[in-house]
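Enquirer: After the structure tokens below, expect a handful of questions from me.
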Amino acid sequence: MEQRSHDMRELRAVSEFEARQQSDGSWKIGGYGSTFNDPYEVHDRFGTFTETILPGTWDRTLSERSHKIQLLASHDGLPYASTKAKNLRLGTDAHGLAWEARLSADSPRGQDLGVGIRDGYIDEMSVGMRVPKSGDSWNEDMTERQISEASLLEISVVARGANPNTEAAMREQELLAEIRELRSAMGMATAAPEEIDANVDGLRAALAARQFRIPITKELAQLLERRK
């Protein structure tokens with residue numbers, strides 16, 4: 001029976017952070033990337049389950065790779081801050097994974113981010129993580145998951161938090177573009193059948209490898225059905 005996979009990138013969001021402008025024009029932003037003992041719902045292609053991150057989840061990753069964490073926007077692009085540059089600090093307390101970053105007054109991007117957080121139109125925090133096989137446990141009917149260990153890949157500020165247990169949020173638009181191109185090719189009389197078949201196989205492999213969310217899965221399934 002098909003099971004939920006480990007060792008893939010997962011995204012989780014919370015709404016606990018703030019920004020304060022300093023006297024020198026820089027911004028100090030910070031909050032929590034995740035909270036402990038705080039159940040939340042996750043939706044994936046298998047259904048809905050409740051997930052809880054336990055105290056100690058981030059201990060190993062902060063010990064082994066805390067010098068390699070970056071603060072990003074929407075899990076992509078150039079970093080705003082990093083632990084390597086020492087303008088991003090990470091730690092844990094009884095509440096969860098705490099972080100604090102300083103954005104230079106000389107950085108237009110940093111200024112925009114600080115204002116966006118202060119004014120409330122950038123209002124969620126998200127972490128990219130990878131959970132090893134030994135890092136979680138499920139109840140018998142797979143409706144409750146507890147995470148006890150995870151590798152922190154990065155933290156991101158987001159306008160709308162993503163909460164899948166796959167990296168689908170980062171690939172949604174790219175995959176949809178591929179589907180649109182394939183649909184267009186299938187409607188063209190000049191399209192070579194072998195080229196279409198290769199594209200179908202590529203999308204099928206991408207779907208299997210990344211476990212995209214149900215709305216995209218349905219659209220792709222309908223498209224692939226036409227090739228039978």
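How things are named: the first chain in the structure tokens is A, the next is B, and so on; residues count from 1 in each chain; ligands count from 1 in the order shown.
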Taking the backbone alone, and naming residues the way the document does, which bits of region 60-122 of chain A are strand (DSSP E) by DSSP, as JSON, numbers by chain?
Expert: {"A": [70, 71, 72, 73, 76, 77, 78, 79, 80, 81, 82, 88, 89, 90, 91, 92, 96, 97, 98, 99, 100, 101, 102, 103]}
Enquirer: Identify, on the basis of only C-alpha atoms, every residue whose closest approach to Met142 (chain A) does not exceed 12 Å; exclude the query and any residue fewer than 5 positions from it along the same chain; express the result as a PyMOL selection string.
Expert: chain A and resi 3-4+42+46-51+136-137
Enquirer: What are the closest atom pairs, with distances in Å to one decimal, for all residues of region 62-135 of chain A lying within 6 Å of region 17-29 of chain A? Consider only C-alpha atoms, order rows by chain and residue number, and present the result as a Markdown table.
Expert:
| residue | atom | partner | partner_atom | distance |
| --- | --- | --- | --- | --- |
| A:Glu100 | CA | A:Ile29 | CA | 5.7 |
| A:Ala101 | CA | A:Ile29 | CA | 5.3 |
| A:Arg102 | CA | A:Lys28 | CA | 4.6 |
| A:Leu103 | CA | A:Trp27 | CA | 5.0 |
| A:Ser104 | CA | A:Ser26 | CA | 4.8 |
| A:Ala105 | CA | A:Ser26 | CA | 4.2 |
| A:Gly114 | CA | A:Ala19 | CA | 5.9 |
| A:Ile117 | CA | A:Ala19 | CA | 5.9 |
| A:Arg118 | CA | A:Ala19 | CA | 5.4 |
Enquirer: So which residues touch Thr52 (chain A) within 8 Å, counting only C-alpha atoms, skipping near sequence neighbours fewer than 4 positions away, as a PyMOL selection string?
Expert: chain A and resi 36-40+145-147
Enquirer: So what do you get for CA of Val131 (chain A) versus CA of Thr83 (chain A), distance-wise?
Expert: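 Computed distance, CA of Val131 (chain A) to CA of Thr83 (chain A), equals 21.3 Å.
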Enquirer: Find the distance between CA of Ala94 (chain A) and CA of Thr61 (chain A) and write it in Å to one decimal.
Expert: 17.1 Å
Enquirer: Between A:Glu154, A:Asp93, A:Glu16, A:Asp141, which has the minimum distance to Ile122 (chain A) (counting only C-alpha atoms)?
Expert: A:Glu16
Enquirer: Enumerate as a VMD selection string all residues of region 35-154 of chain A assigned to alpha helix (DSSP H) by DSSP on the backbone, naming them with the chain letters and numbers the document uses.
Expert: chain A and resid 59 to 65 108 to 119
Enquirer: Here is a test: counting only C-alpha atoms, which residue of A:Ser66, A:Leu113, A:Tyr121, A:Ala73 is nearest to Ala85 (chain A)?
Expert: A:Ser66
Enquirer: If I take CA of Leu90 (chain A) and CA of Leu78 (chain A), how far is one from the other in Å, to one decimal?
Expert: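 We find that CA of Leu90 (chain A) and CA of Leu78 (chain A) lie 19.0 Å from each other.
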